[in-house]
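With mmCIF, C-alpha atoms inside, this is data-v7.cif:
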```
data_work
loop_
_atom_site.label_atom_id
_atom_site.label_comp_id
_atom_site.auth_asym_id
_atom_site.auth_seq_id
_atom_site.Cartn_x
_atom_site.Cartn_y
_atom_site.Cartn_z
CA MET U 5 108.07 17.44 -19.86
CA ILE U 6 106.77 15.18 -17.12
CA HIS U 7 104.78 16.28 -14.06
CA THR U 8 103.25 14.38 -11.16
CA TYR U 9 99.79 15.29 -9.87
CA LYS U 10 97.59 14.15 -7.02
CA VAL U 11 94.14 12.87 -8.04
CA ALA U 12 91.43 12.60 -5.40
CA GLY U 13 88.14 10.76 -5.79
CA MET U 14 89.33 7.44 -7.26
CA THR U 15 87.90 4.45 -5.41
CA CYS U 16 88.49 1.50 -7.75
CA ASN U 17 90.37 0.37 -10.85
CA GLY U 18 87.43 1.50 -12.95
CA CYS U 19 87.97 5.05 -11.67
CA ARG U 20 91.70 4.78 -12.34
CA THR U 21 91.12 3.63 -15.90
CA SER U 22 88.54 6.35 -16.51
CA VAL U 23 90.92 9.08 -15.27
CA GLU U 24 93.83 7.64 -17.25
CA ASN U 25 91.81 7.44 -20.47
CA LYS U 26 90.49 10.99 -20.10
CA LEU U 27 93.97 12.36 -19.54
CA ASN U 28 95.46 10.39 -22.43
CA ALA U 29 92.75 11.73 -24.74
CA MET U 30 93.92 15.32 -24.22
CA PRO U 31 95.70 16.71 -27.33
CA LEU U 32 98.89 17.87 -25.57
CA VAL U 33 99.28 14.76 -23.40
CA LYS U 34 101.75 12.16 -24.71
CA THR U 35 101.22 9.59 -21.96
CA ALA U 36 99.44 9.58 -18.64
CA THR U 37 99.89 6.83 -16.05
CA VAL U 38 97.56 6.81 -13.05
CA SER U 39 98.18 4.95 -9.78
CA LEU U 40 95.17 4.10 -7.62
CA GLU U 41 97.35 3.16 -4.63
CA ASP U 42 99.26 6.48 -4.61
CA SER U 43 96.35 8.59 -5.93
CA GLU U 44 98.80 10.04 -8.43
CA ALA U 45 98.98 10.74 -12.14
CA VAL U 46 102.32 10.99 -13.91
CA ILE U 47 101.73 12.98 -17.08
CA GLU U 48 104.10 13.55 -19.98
CA MET U 49 103.03 16.48 -22.13
CA THR U 50 104.36 18.28 -25.19
CA LYS U 51 103.44 21.69 -23.72
CA HIS U 52 102.46 22.82 -20.26
CA ILE U 53 98.80 22.19 -19.41
CA SER U 54 97.11 24.13 -16.61
CA LEU U 55 95.39 22.46 -13.69
CA GLU U 56 92.16 24.14 -14.80
CA ASP U 57 92.31 22.35 -18.16
CA PHE U 58 92.90 19.00 -16.45
CA GLN U 59 90.02 19.63 -14.05
CA VAL U 60 87.62 20.45 -16.89
CA VAL U 61 88.39 17.09 -18.51
CA LEU U 62 88.02 15.15 -15.24
CA ALA U 63 84.81 17.03 -14.23
CA ASN U 64 83.73 17.28 -10.59
CA LYS U 65 84.03 13.59 -9.68
CA TYR U 66 87.82 13.80 -9.41
CA THR U 67 90.05 16.57 -8.08
CA ILE U 68 93.53 17.06 -9.51
CA THR U 69 96.25 19.07 -7.76
CA LYS U 70 99.98 19.52 -8.19
CA SER U 71 102.07 17.03 -6.24
CA LEU U 72 103.69 18.53 -3.12
CA ALA U 73 107.03 17.06 -4.09
CA HIS U 74 108.74 19.32 -6.62
CA GLU U 75 109.91 17.37 -9.61
CA PRO U 76 111.95 18.97 -12.38
CA ASP U 77 110.85 18.39 -15.94
CA VAL U 78 112.63 15.44 -17.48
CA ILE U 79 112.71 14.02 -20.93
CA SER U 80 111.76 10.36 -21.04
CA PRO U 81 113.36 8.13 -23.64
CA GLU U 82 111.06 7.36 -26.55
CA LYS U 83 110.22 3.70 -26.95
CA SER U 84 109.87 2.37 -30.44
CA GLU U 85 106.61 0.77 -31.50
CA LEU U 86 108.34 -2.62 -31.45
CA GLN U 87 109.52 -2.12 -27.85
CA GLN U 88 106.08 -1.02 -26.68
CA LEU U 89 104.40 -4.04 -28.27
CA PHE U 90 107.00 -6.62 -27.21
CA PRO U 91 104.59 -8.30 -24.69
CA LEU U 92 102.02 -8.74 -27.47
CA PHE U 93 104.55 -10.27 -29.88
CA LEU U 94 105.90 -12.52 -27.11
CA ILE U 95 102.45 -13.90 -26.37
CA PHE U 96 101.78 -14.45 -30.07
CA GLY U 97 105.07 -16.35 -30.27
CA TYR U 98 104.15 -18.65 -27.39
CA ILE U 99 100.67 -19.28 -28.83
CA SER U 100 102.14 -20.11 -32.25
CA ILE U 101 104.74 -22.50 -30.82
CA ALA U 102 102.15 -24.26 -28.65
CA ALA U 103 99.74 -24.65 -31.59
CA ILE U 104 102.54 -26.04 -33.78
CA LEU U 105 103.65 -28.56 -31.17
CA LEU U 106 100.07 -29.75 -30.66
CA ASN U 107 99.68 -30.52 -34.36
CA ILE U 108 103.15 -31.38 -35.63
CA LYS U 109 102.75 -35.20 -35.57
CA PRO U 110 100.94 -35.58 -37.87
CA TRP U 111 100.91 -32.01 -39.16
CA SER U 112 97.43 -30.52 -39.47
CA VAL U 113 96.82 -27.00 -40.76
CA THR U 114 93.21 -27.13 -39.57
CA GLY U 115 94.24 -28.30 -36.12
CA PHE U 116 96.91 -25.60 -35.93
CA MET U 117 94.42 -22.81 -36.71
CA LEU U 118 91.81 -24.14 -34.30
CA ASP U 119 94.32 -24.47 -31.46
CA PHE U 120 95.86 -21.07 -32.26
CA MET U 121 92.45 -19.38 -32.08
CA GLY U 122 91.49 -21.29 -28.94
CA LEU U 123 94.73 -20.43 -27.12
CA PHE U 124 94.46 -16.84 -28.34
CA TYR U 125 91.05 -16.40 -26.73
CA VAL U 126 91.89 -18.20 -23.48
CA ILE U 127 95.16 -16.31 -22.89
CA PHE U 128 93.83 -12.90 -23.88
CA SER U 129 90.71 -13.36 -21.72
CA PHE U 130 92.98 -14.17 -18.76
CA PHE U 131 94.62 -10.74 -18.94
CA LYS U 132 91.25 -9.03 -19.28
CA LEU U 133 89.87 -10.85 -16.23
CA LEU U 134 92.81 -9.65 -14.11
CA ASP U 135 91.06 -6.28 -13.96
CA LEU U 136 87.45 -6.89 -14.88
CA LYS U 137 86.41 -3.52 -13.43
CA GLY U 138 88.93 -1.52 -15.42
CA PHE U 139 88.70 -3.39 -18.74
CA PRO U 140 85.22 -2.18 -19.84
CA GLU U 141 86.29 1.47 -19.44
CA SER U 142 89.30 0.97 -21.71
CA PHE U 143 87.44 -1.25 -24.18
CA LYS U 144 84.60 1.18 -24.82
CA MET U 145 87.11 3.87 -25.81
CA TYR U 146 87.37 2.23 -29.23
CA ASP U 147 84.91 -0.67 -29.53
CA PRO U 148 81.63 0.67 -31.04
CA LEU U 149 79.40 -1.98 -29.45
CA ALA U 150 80.96 -1.62 -25.98
CA LYS U 151 80.49 2.14 -26.25
CA ALA U 152 76.82 1.78 -27.19
CA ILE U 153 76.10 -1.08 -24.76
CA PRO U 154 78.38 -0.85 -21.66
CA PHE U 155 77.28 -4.31 -20.45
CA TYR U 156 78.96 -5.82 -23.52
CA GLY U 157 82.35 -4.71 -22.17
CA TRP U 158 81.72 -6.62 -18.95
CA VAL U 159 80.76 -9.90 -20.65
CA TYR U 160 83.34 -9.71 -23.47
CA PRO U 161 86.14 -11.52 -21.52
CA PHE U 162 83.72 -14.36 -20.75
CA ILE U 163 82.71 -14.56 -24.42
CA GLU U 164 86.41 -15.03 -25.20
CA VAL U 165 86.68 -17.82 -22.61
CA VAL U 166 83.71 -19.66 -24.14
CA LEU U 167 85.04 -19.25 -27.68
CA GLY U 168 88.47 -20.48 -26.59
CA ILE U 169 86.96 -23.63 -25.09
CA MET U 170 84.82 -24.19 -28.20
CA PHE U 171 87.88 -24.07 -30.47
CA LEU U 172 90.10 -26.20 -28.23
CA MET U 173 87.39 -28.80 -27.59
CA ARG U 174 86.13 -28.68 -31.23
CA ILE U 175 82.59 -27.76 -30.14
CA GLU U 176 80.28 -26.14 -32.73
CA ILE U 177 83.22 -24.75 -34.70
CA SER U 178 81.07 -23.05 -37.35
CA ILE U 179 79.16 -21.07 -34.72
CA ALA U 180 82.42 -20.09 -32.98
CA LEU U 181 83.89 -18.91 -36.29
CA ILE U 182 80.85 -16.77 -37.12
CA ILE U 183 80.88 -15.18 -33.65
CA THR U 184 84.60 -14.51 -34.07
CA LEU U 185 83.98 -12.70 -37.36
CA VAL U 186 81.24 -10.58 -35.80
CA ILE U 187 82.92 -9.49 -32.56
CA LEU U 188 86.41 -9.01 -34.00
CA GLY U 189 84.94 -7.30 -37.06
CA ILE U 190 83.20 -4.75 -34.83
CA THR U 191 86.35 -4.20 -32.77
CA THR U 192 88.49 -3.81 -35.90
CA ILE U 193 86.20 -1.05 -37.18
CA GLY U 194 86.81 0.84 -33.93
CA VAL U 195 90.56 0.18 -34.10
CA VAL U 196 90.77 1.54 -37.66
CA LYS U 197 88.83 4.67 -36.68
CA THR U 198 91.12 5.23 -33.69
CA LEU U 199 94.23 4.83 -35.83
CA LEU U 200 92.89 7.23 -38.46
CA ASP U 201 92.00 9.80 -35.77
CA LYS U 202 95.49 9.32 -34.29
CA LYS U 203 94.12 9.27 -30.75
CA PRO U 204 96.55 8.12 -28.01
CA ILE U 205 94.29 5.39 -26.62
CA GLN U 206 95.39 2.38 -24.60
CA CYS U 207 94.67 -0.94 -26.28
CA ALA U 208 92.58 -3.25 -24.09
CA CYS U 209 93.54 -6.43 -25.96
CA LEU U 210 95.61 -7.54 -22.97
CA GLY U 211 93.38 -5.86 -20.42
CA THR U 212 94.73 -3.03 -18.28
CA ALA U 213 97.53 -5.00 -16.60
CA LEU U 214 99.83 -4.42 -19.58
CA LYS U 215 99.67 -0.89 -20.96
CA LEU U 216 99.81 -1.26 -24.72
CA PRO U 217 99.26 1.66 -27.10
CA MET U 218 96.71 1.39 -29.88
CA THR U 219 98.87 0.80 -32.96
CA LYS U 220 98.83 -0.91 -36.34
CA ALA U 221 99.90 -4.12 -34.59
CA THR U 222 96.52 -4.20 -32.83
CA PHE U 223 94.85 -4.08 -36.24
CA ILE U 224 97.13 -6.87 -37.49
CA GLU U 225 96.30 -8.99 -34.42
CA ASN U 226 92.56 -8.83 -35.17
CA THR U 227 93.12 -9.28 -38.90
CA ILE U 228 95.02 -12.55 -38.36
CA MET U 229 92.11 -13.98 -36.37
CA ILE U 230 89.56 -12.78 -38.94
CA ILE U 231 91.53 -14.30 -41.84
CA MET U 232 91.81 -17.61 -39.96
CA ALA U 233 88.06 -17.60 -39.27
CA ILE U 234 87.21 -16.90 -42.93
CA THR U 235 89.68 -19.59 -44.10
CA MET U 236 88.17 -22.15 -41.73
CA LEU U 237 84.63 -21.37 -42.89
CA ILE U 238 85.67 -21.76 -46.53
CA MET U 239 87.38 -25.08 -45.77
CA LYS U 240 84.28 -26.34 -43.97
CA ALA U 241 81.95 -25.26 -46.80
#
```
As a first step, turn the structure in this file into structure tokens.
Amino acid sequence: MIHTYKVAGMTCNGCRTSVENKLNAMPLVKTATVSLEDSEAVIEMTKHISLEDFQVVLANKYTITKSLAHEPDVISPEKSELQQLFPLFLIFGYISIAAILLNIKPWSVTGFMLDFMGLFYVIFSFFKLLDLKGFPESFKMYDPLAKAIPFYGWVYPFIEVVLGIMFLMRIEISIALIITLVILGITTIGVVKTLLDKKPIQCACLGTALKLPMTKATFIENTIMIIMAITMLIMKA
């Protein structure tokens, strides 16, 4: 069943993300999409949830009420995991093709991996910077370091930009590879914990502009980068 609610008290994208994450973390909520412009939350739930339960989760900062417009319960079509993650796979495809074309004549495995990692960071940081206020709220839901040190979530997109430039410009590659192993290793630990807990958390890999669920594909995405970093360090040794 799907219901629409009015949510008062949101003033920025950070508020919107916070409300959306809190609602999505509720056990009976399948998906919750919050609009800052309309001050609305469209919530799909497996069983009816009372306004009182929603209000407890949101605390006193936000006020949730039933939308004035009566909307009958509808069943939304289930999207497969592949359909939900299509934007992620599409971006990976473009990055791979670009990295191949940059190194095809003559073919260089090392060049391919460096360009792939550089393009990965630059493109993914772009989506995070589209909503710099909302990204840290989503990121700290599963990244242990961002949860412990909120400032880390704010600087993380800029770290990705710097790493992307370092790989593409071939600047201090060893340092960039070590940093990659550290930051993606920390994130992967949080991703694995989220997957094991089966929490319906939005993945912040592409920021908040594209709403991607936390799935095994997110783990695979980080693993590919970690494997490339380890391979490059071994080759340079």
Counting all atoms listed in the file, what is within 12 Å of Gly157 (chain U), bar same-chain residues fewer than 3 positions away, as a PyMOL selection string?
chain U and resi 132-133+136-154+160-164+187+191+208-209+211
Taking the file as shown, find all residues satisfying the PyMOL selection byres ((chain U and resi 189) around 12) and write them as a PDB file with C-alpha atoms, keeping the file's coordinate frame.
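Now in result.pdb:
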```
ATOM      1  CA  ASP U 147      84.910  -0.670 -29.530  1.00  0.00           C
ATOM      2  CA  PRO U 148      81.630   0.670 -31.040  1.00  0.00           C
ATOM      3  CA  LEU U 149      79.400  -1.980 -29.450  1.00  0.00           C
ATOM      4  CA  LEU U 181      83.890 -18.910 -36.290  1.00  0.00           C
ATOM      5  CA  ILE U 182      80.850 -16.770 -37.120  1.00  0.00           C
ATOM      6  CA  ILE U 183      80.880 -15.180 -33.650  1.00  0.00           C
ATOM      7  CA  THR U 184      84.600 -14.510 -34.070  1.00  0.00           C
ATOM      8  CA  LEU U 185      83.980 -12.700 -37.360  1.00  0.00           C
ATOM      9  CA  VAL U 186      81.240 -10.580 -35.800  1.00  0.00           C
ATOM     10  CA  ILE U 187      82.920  -9.490 -32.560  1.00  0.00           C
ATOM     11  CA  LEU U 188      86.410  -9.010 -34.000  1.00  0.00           C
ATOM     12  CA  ILE U 190      83.200  -4.750 -34.830  1.00  0.00           C
ATOM     13  CA  THR U 191      86.350  -4.200 -32.770  1.00  0.00           C
ATOM     14  CA  THR U 192      88.490  -3.810 -35.900  1.00  0.00           C
ATOM     15  CA  ILE U 193      86.200  -1.050 -37.180  1.00  0.00           C
ATOM     16  CA  GLY U 194      86.810   0.840 -33.930  1.00  0.00           C
ATOM     17  CA  VAL U 195      90.560   0.180 -34.100  1.00  0.00           C
ATOM     18  CA  VAL U 196      90.770   1.540 -37.660  1.00  0.00           C
ATOM     19  CA  PHE U 223      94.850  -4.080 -36.240  1.00  0.00           C
ATOM     20  CA  GLU U 225      96.300  -8.990 -34.420  1.00  0.00           C
ATOM     21  CA  ASN U 226      92.560  -8.830 -35.170  1.00  0.00           C
ATOM     22  CA  THR U 227      93.120  -9.280 -38.900  1.00  0.00           C
ATOM     23  CA  ILE U 228      95.020 -12.550 -38.360  1.00  0.00           C
ATOM     24  CA  MET U 229      92.110 -13.980 -36.370  1.00  0.00           C
ATOM     25  CA  ILE U 230      89.560 -12.780 -38.940  1.00  0.00           C
ATOM     26  CA  ILE U 231      91.530 -14.300 -41.840  1.00  0.00           C
ATOM     27  CA  ALA U 233      88.060 -17.600 -39.270  1.00  0.00           C
ATOM     28  CA  ILE U 234      87.210 -16.900 -42.930  1.00  0.00           C
TER      29      ILE U 234
END
```
When you look at region 96-113 of chain U with a cut-off of 12 Å (counting all atoms listed in the file), what residues show up, excluding the ones that are within fewer than 2 positions of it in the same chain? I need them as a PDB file with C-alpha atoms, keeping the file's coordinate frame.
```pdb
ATOM      1  CA  LEU U  89     104.400  -4.040 -28.270  1.00  0.00           C
ATOM      2  CA  PHE U  90     107.000  -6.620 -27.210  1.00  0.00           C
ATOM      3  CA  PRO U  91     104.590  -8.300 -24.690  1.00  0.00           C
ATOM      4  CA  LEU U  92     102.020  -8.740 -27.470  1.00  0.00           C
ATOM      5  CA  PHE U  93     104.550 -10.270 -29.880  1.00  0.00           C
ATOM      6  CA  LEU U  94     105.900 -12.520 -27.110  1.00  0.00           C
ATOM      7  CA  GLY U 115      94.240 -28.300 -36.120  1.00  0.00           C
ATOM      8  CA  PHE U 116      96.910 -25.600 -35.930  1.00  0.00           C
ATOM      9  CA  MET U 117      94.420 -22.810 -36.710  1.00  0.00           C
ATOM     10  CA  LEU U 118      91.810 -24.140 -34.300  1.00  0.00           C
ATOM     11  CA  ASP U 119      94.320 -24.470 -31.460  1.00  0.00           C
ATOM     12  CA  PHE U 120      95.860 -21.070 -32.260  1.00  0.00           C
ATOM     13  CA  MET U 121      92.450 -19.380 -32.080  1.00  0.00           C
ATOM     14  CA  GLY U 122      91.490 -21.290 -28.940  1.00  0.00           C
ATOM     15  CA  LEU U 123      94.730 -20.430 -27.120  1.00  0.00           C
ATOM     16  CA  PHE U 124      94.460 -16.840 -28.340  1.00  0.00           C
ATOM     17  CA  TYR U 125      91.050 -16.400 -26.730  1.00  0.00           C
ATOM     18  CA  VAL U 126      91.890 -18.200 -23.480  1.00  0.00           C
ATOM     19  CA  ILE U 127      95.160 -16.310 -22.890  1.00  0.00           C
ATOM     20  CA  PHE U 128      93.830 -12.900 -23.880  1.00  0.00           C
ATOM     21  CA  PHE U 171      87.880 -24.070 -30.470  1.00  0.00           C
ATOM     22  CA  LEU U 172      90.100 -26.200 -28.230  1.00  0.00           C
ATOM     23  CA  LEU U 210      95.610  -7.540 -22.970  1.00  0.00           C
ATOM     24  CA  ALA U 221      99.900  -4.120 -34.590  1.00  0.00           C
ATOM     25  CA  THR U 222      96.520  -4.200 -32.830  1.00  0.00           C
ATOM     26  CA  ILE U 224      97.130  -6.870 -37.490  1.00  0.00           C
ATOM     27  CA  GLU U 225      96.300  -8.990 -34.420  1.00  0.00           C
ATOM     28  CA  ASN U 226      92.560  -8.830 -35.170  1.00  0.00           C
ATOM     29  CA  ILE U 228      95.020 -12.550 -38.360  1.00  0.00           C
ATOM     30  CA  MET U 229      92.110 -13.980 -36.370  1.00  0.00           C
ATOM     31  CA  MET U 232      91.810 -17.610 -39.960  1.00  0.00           C
ATOM     32  CA  THR U 235      89.680 -19.590 -44.100  1.00  0.00           C
ATOM     33  CA  MET U 236      88.170 -22.150 -41.730  1.00  0.00           C
ATOM     34  CA  MET U 239      87.380 -25.080 -45.770  1.00  0.00           C
TER      35      MET U 239
END
```
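Shortest atom-to-atom contact with Lys10 (chain U) among U:Asn28, U:Phe131, U:Glu176, U:Val46: U:Val46, counting all atoms listed in the file.
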Using only C-alpha atoms, the best pick from U:Val33, U:Val23, U:Val159, U:Cys16 as closest to Ala45 (chain U) would be U:Val23
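Considering the residues U:Ile238, U:Val61, U:Ile175, U:Leu27 and counting all atoms listed in the file, Glu48 (chain U) has its shortest atom-to-atom contact with U:Leu27.
For the pair CA of Leu40 (chain U) and CA of Cys19 (chain U), the separation is 8.3 Å.
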Please determine an axis-aligned box that encloses all atoms of region 223-239 of chain U listed in the file, with 6 Å added on each side, and express its centre and edge lengths in Å to one decimal as JSON.
```
{"center_x": 90.9, "center_y": -14.6, "center_z": -40.5, "size_x": 24.5, "size_y": 33.0, "size_z": 24.1}
```
Looking at U:Leu237, U:Leu199, U:Ile68, U:Val60, which one is nearest to Ile177 (chain U), with distances taken over all atoms listed in the file?
U:Leu237
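Among the candidates U:Thr69, U:Asn64, U:Thr15, U:Asn25, the residue lying nearest to Glu41 (chain U) is U:Thr15 (atoms considered: only C-alpha atoms).
Atom to atom, CA of Phe130 (chain U) and CA of Asn17 (chain U) stand 16.8 Å apart.
The gap separating CA of Met49 (chain U) from CA of Ile6 (chain U) is 6.4 Å, in Å to one decimal.
Nearest residue to Ser178 (chain U), choosing from U:Pro31, U:Asp57, U:Lys240, U:Thr114 and counting all atoms listed in the file: U:Lys240.
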Could N, CA, C and O atoms be built for region 10-35 of chain U and written out as an mmCIF file, in the frame of the given file?
```
data_model
loop_
_atom_site.group_PDB
_atom_site.id
_atom_site.type_symbol
_atom_site.label_atom_id
_atom_site.label_comp_id
_atom_site.auth_asym_id
_atom_site.auth_seq_id
_atom_site.Cartn_x
_atom_site.Cartn_y
_atom_site.Cartn_z
ATOM 1 N N LYS U 10 98.427 14.916 -7.916
ATOM 2 C CA LYS U 10 97.590 14.150 -7.020
ATOM 3 C C LYS U 10 96.165 14.149 -7.569
ATOM 4 O O LYS U 10 95.669 15.182 -8.013
ATOM 5 N N VAL U 11 95.522 12.976 -7.553
ATOM 6 C CA VAL U 11 94.140 12.870 -8.040
ATOM 7 C C VAL U 11 93.287 12.275 -6.933
ATOM 8 O O VAL U 11 93.502 11.141 -6.505
ATOM 9 N N ALA U 12 92.330 13.047 -6.462
ATOM 10 C CA ALA U 12 91.430 12.600 -5.400
ATOM 11 C C ALA U 12 90.096 12.164 -6.001
ATOM 12 O O ALA U 12 89.663 12.695 -7.020
ATOM 13 N N GLY U 13 89.453 11.197 -5.343
ATOM 14 C CA GLY U 13 88.140 10.760 -5.790
ATOM 15 C C GLY U 13 88.110 9.393 -6.434
ATOM 16 O O GLY U 13 87.038 8.854 -6.721
ATOM 17 N N MET U 14 89.289 8.780 -6.657
ATOM 18 C CA MET U 14 89.330 7.440 -7.260
ATOM 19 C C MET U 14 89.126 6.393 -6.165
ATOM 20 O O MET U 14 89.809 6.413 -5.151
ATOM 21 N N THR U 15 88.200 5.469 -6.408
ATOM 22 C CA THR U 15 87.900 4.450 -5.410
ATOM 23 C C THR U 15 88.118 3.021 -5.904
ATOM 24 O O THR U 15 88.069 2.080 -5.113
ATOM 25 N N CYS U 16 88.322 2.852 -7.210
ATOM 26 C CA CYS U 16 88.490 1.500 -7.750
ATOM 27 C C CYS U 16 89.301 1.572 -9.046
ATOM 28 O O CYS U 16 89.614 2.669 -9.532
ATOM 29 N N ASN U 17 89.610 0.420 -9.600
ATOM 30 C CA ASN U 17 90.370 0.370 -10.850
ATOM 31 C C ASN U 17 89.590 0.957 -12.010
ATOM 32 O O ASN U 17 90.165 1.448 -12.981
ATOM 33 N N GLY U 18 88.246 0.879 -11.923
ATOM 34 C CA GLY U 18 87.430 1.500 -12.950
ATOM 35 C C GLY U 18 87.628 3.007 -12.971
ATOM 36 O O GLY U 18 87.724 3.629 -14.040
ATOM 37 N N CYS U 19 87.706 3.604 -11.776
ATOM 38 C CA CYS U 19 87.970 5.050 -11.670
ATOM 39 C C CYS U 19 89.352 5.366 -12.234
ATOM 40 O O CYS U 19 89.528 6.343 -12.973
ATOM 41 N N ARG U 20 90.333 4.551 -11.860
ATOM 42 C CA ARG U 20 91.700 4.780 -12.340
ATOM 43 C C ARG U 20 91.767 4.759 -13.855
ATOM 44 O O ARG U 20 92.370 5.626 -14.491
ATOM 45 N N THR U 21 91.109 3.752 -14.437
ATOM 46 C CA THR U 21 91.120 3.630 -15.900
ATOM 47 C C THR U 21 90.416 4.798 -16.555
ATOM 48 O O THR U 21 90.860 5.325 -17.584
ATOM 49 N N SER U 22 89.297 5.223 -15.956
ATOM 50 C CA SER U 22 88.540 6.350 -16.510
ATOM 51 C C SER U 22 89.385 7.622 -16.505
ATOM 52 O O SER U 22 89.452 8.347 -17.507
ATOM 53 N N VAL U 23 90.057 7.900 -15.379
ATOM 54 C CA VAL U 23 90.920 9.080 -15.270
ATOM 55 C C VAL U 23 92.065 8.992 -16.278
ATOM 56 O O VAL U 23 92.371 9.960 -16.982
ATOM 57 N N GLU U 24 92.696 7.823 -16.358
ATOM 58 C CA GLU U 24 93.830 7.640 -17.250
ATOM 59 C C GLU U 24 93.422 7.844 -18.713
ATOM 60 O O GLU U 24 94.129 8.498 -19.490
ATOM 61 N N ASN U 25 92.273 7.296 -19.086
ATOM 62 C CA ASN U 25 91.810 7.440 -20.470
ATOM 63 C C ASN U 25 91.468 8.886 -20.812
ATOM 64 O O ASN U 25 91.757 9.367 -21.909
ATOM 65 N N LYS U 26 90.848 9.590 -19.865
ATOM 66 C CA LYS U 26 90.490 10.990 -20.100
ATOM 67 C C LYS U 26 91.734 11.857 -20.260
ATOM 68 O O LYS U 26 91.779 12.745 -21.110
ATOM 69 N N LEU U 27 92.731 11.595 -19.448
ATOM 70 C CA LEU U 27 93.970 12.360 -19.540
ATOM 71 C C LEU U 27 94.709 12.055 -20.835
ATOM 72 O O LEU U 27 95.217 12.956 -21.507
ATOM 73 N N ASN U 28 94.762 10.781 -21.195
ATOM 74 C CA ASN U 28 95.460 10.390 -22.430
ATOM 75 C C ASN U 28 94.786 10.918 -23.679
ATOM 76 O O ASN U 28 95.412 11.034 -24.729
ATOM 77 N N ALA U 29 93.490 11.222 -23.574
ATOM 78 C CA ALA U 29 92.750 11.730 -24.740
ATOM 79 C C ALA U 29 92.998 13.214 -24.988
ATOM 80 O O ALA U 29 92.623 13.729 -26.045
ATOM 81 N N MET U 30 93.655 13.890 -24.050
ATOM 82 C CA MET U 30 93.920 15.320 -24.220
ATOM 83 C C MET U 30 94.989 15.532 -25.302
ATOM 84 O O MET U 30 95.990 14.803 -25.335
ATOM 85 N N PRO U 31 94.803 16.508 -26.175
ATOM 86 C CA PRO U 31 95.700 16.710 -27.330
ATOM 87 C C PRO U 31 97.177 16.877 -26.973
ATOM 88 O O PRO U 31 98.038 16.359 -27.667
ATOM 89 N N LEU U 32 97.502 17.585 -25.893
ATOM 90 C CA LEU U 32 98.890 17.870 -25.570
ATOM 91 C C LEU U 32 99.540 16.821 -24.665
ATOM 92 O O LEU U 32 100.711 16.923 -24.330
ATOM 93 N N VAL U 33 98.759 15.813 -24.277
ATOM 94 C CA VAL U 33 99.280 14.760 -23.400
ATOM 95 C C VAL U 33 99.854 13.633 -24.256
ATOM 96 O O VAL U 33 99.184 13.087 -25.125
ATOM 97 N N LYS U 34 101.126 13.282 -24.001
ATOM 98 C CA LYS U 34 101.750 12.160 -24.710
ATOM 99 C C LYS U 34 101.379 10.845 -24.029
ATOM 100 O O LYS U 34 100.919 9.918 -24.670
ATOM 101 N N THR U 35 101.619 10.777 -22.733
ATOM 102 C CA THR U 35 101.220 9.590 -21.960
ATOM 103 C C THR U 35 100.822 10.023 -20.564
ATOM 104 O O THR U 35 101.392 10.967 -20.000
#
```
